[in-house]
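Please read the structure below before turning to the comments.
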Amino acid sequence: MDADLPAAADFPSPAPRKRPKPGERRTQILQVLAGMLEQPGADRITTAALAARLDVSEAALYRHFASKAQMFEALIDFIESSVFGLVHQVVDVPQPMPGQAARIAALILQFGEKNPGMARVMVGDALVYENERLTARINQFFDRIESSLRQVLRTAAEAQGSLTPTVHANAQASVWVCFIIGRLQRYARSGFKRLPTEQLEASLKSIG
């Protein structure tokens with residue numbers, strides 16, 4: 001004789017689906033978007049693909065962000081706060097030290113290497129066909145980087161007795177920014193195989 005089946009009450013009830021706390025879903029959306037950007041050769045990311053990865057509806061995304069552009073703006077906010085937090089540690093010191101420009105460049109490249117999806121945003125690859133204001137914000141980001149570099153380079157030139165410290169700083173800052181962007185672009189376009197910190201110490205010394 002077959003054993004009796006347990007009564008319905010004996011079966012464990014399915015665990016109720018936890019509702020994310022305020023802000024958790026927003027953070028989760030950004031984390032998944034960043035993860036999708038880390039896939040080498042990833043095409044333009046659609047809200048449909050993002051929603052599918054999160055197992056939610058597109059409407060659920062728009063409860064947290066008014067548009068996909070706003071999601072990318074939040075990623076840029078993260079980049080800015082992270083990178084300039086590092087840059088200020090170098091710039092805002094009581095006594096300027098040699099090699100500050102190289103230190104700034106190294107910190108930015110290390111950040112990009114640790115955050116491949118953010119590197120694609122920084123060089124604009126992830127922003128193709130997206131809202132133009134996103135590209136404008138990235139341009140402003142690198143303008144601010146160049147300004148910080150000019151600051152430390154001008155101080156260094158003055159300490160070395162340069163007769164034209166501002167001219168020297170402007171020229172050198174431009175070279176440093178081009179180096180940073182170039183390394184990050186190569187990293188993104190190689191499918192994250194060519195690391196931005198590859199032979200970094202020797203490269204930094206050759207610049208300056």
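By order of appearance in the structure tokens: chains A, B, ..., then residues from 1 within every chain, and ligands from 1 in the order shown.
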
- alpha helix (DSSP H) call set, DSSP backbone run, region 81-195 of chain A, as a VMD selection string: chain A and resid 81 to 91 100 to 114 116 to 122 132 to 159 165 to 189

- May I have the residues within 12 Å of Ala52 (chain A) as a PyMOL selection string, using only C-alpha atoms and disregarding those fewer than 4 positions away in the same chain? chain A and resi 29+32-33+36+45-48+56-61

Export, as an mmCIF file, in the first residue's frame, the selected residues with C-alpha atoms.
data_model
loop_
_atom_site.group_PDB
_atom_site.id
_atom_site.type_symbol
_atom_site.label_atom_id
_atom_site.label_comp_id
_atom_site.auth_asym_id
_atom_site.auth_seq_id
_atom_site.Cartn_x
_atom_site.Cartn_y
_atom_site.Cartn_z
ATOM 1 C CA ILE A 29 20.020 48.404 -11.287
ATOM 2 C CA VAL A 32 23.760 45.138 -13.127
ATOM 3 C CA LEU A 33 24.171 47.863 -15.767
ATOM 4 C CA MET A 36 26.671 44.320 -18.510
ATOM 5 C CA ILE A 45 22.424 48.045 -23.788
ATOM 6 C CA THR A 46 18.665 48.375 -23.981
ATOM 7 C CA THR A 47 16.296 48.817 -21.061
ATOM 8 C CA ALA A 48 14.601 45.590 -22.175
ATOM 9 C CA VAL A 56 11.775 42.824 -13.599
ATOM 10 C CA SER A 57 9.628 44.743 -16.055
ATOM 11 C CA GLU A 58 10.865 47.824 -17.892
ATOM 12 C CA ALA A 59 8.198 49.769 -16.010
ATOM 13 C CA ALA A 60 9.930 48.767 -12.777
ATOM 14 C CA LEU A 61 13.139 50.376 -14.009
#

- Message: Just want the 8 Å neighbourhood of region 85-102 of chain A, counted on only C-alpha atoms, with same-chain residues fewer than 6 positions away dropped. Output as a PyMOL selection string.
- Response: chain A and resi 148-149+152-153+155-156+176+204+208

- Item | Point-to-point distance in Å for CA of Gly23 (chain A) and CA of Ala126 (chain A) | 24.3 Å

- Task: Name all residues at most 10 Å from Arg144 (chain A) (count only C-alpha atoms; drop same-chain ones fewer than 6 positions away) and give them as a list in words.
- Result: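 Residues meeting the cut-off are Glu80, Phe84, Ile138 and Arg150 of chain A.
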
- Query: Which polymer residues have any atom within 8 Å of an atom of Arg183 (chain A), counting only C-alpha atoms, with same-chain residues fewer than 4 positions away left out, as an MDAnalysis selection string?
  - Reply: chainID A and resid 109 179 187 195:196
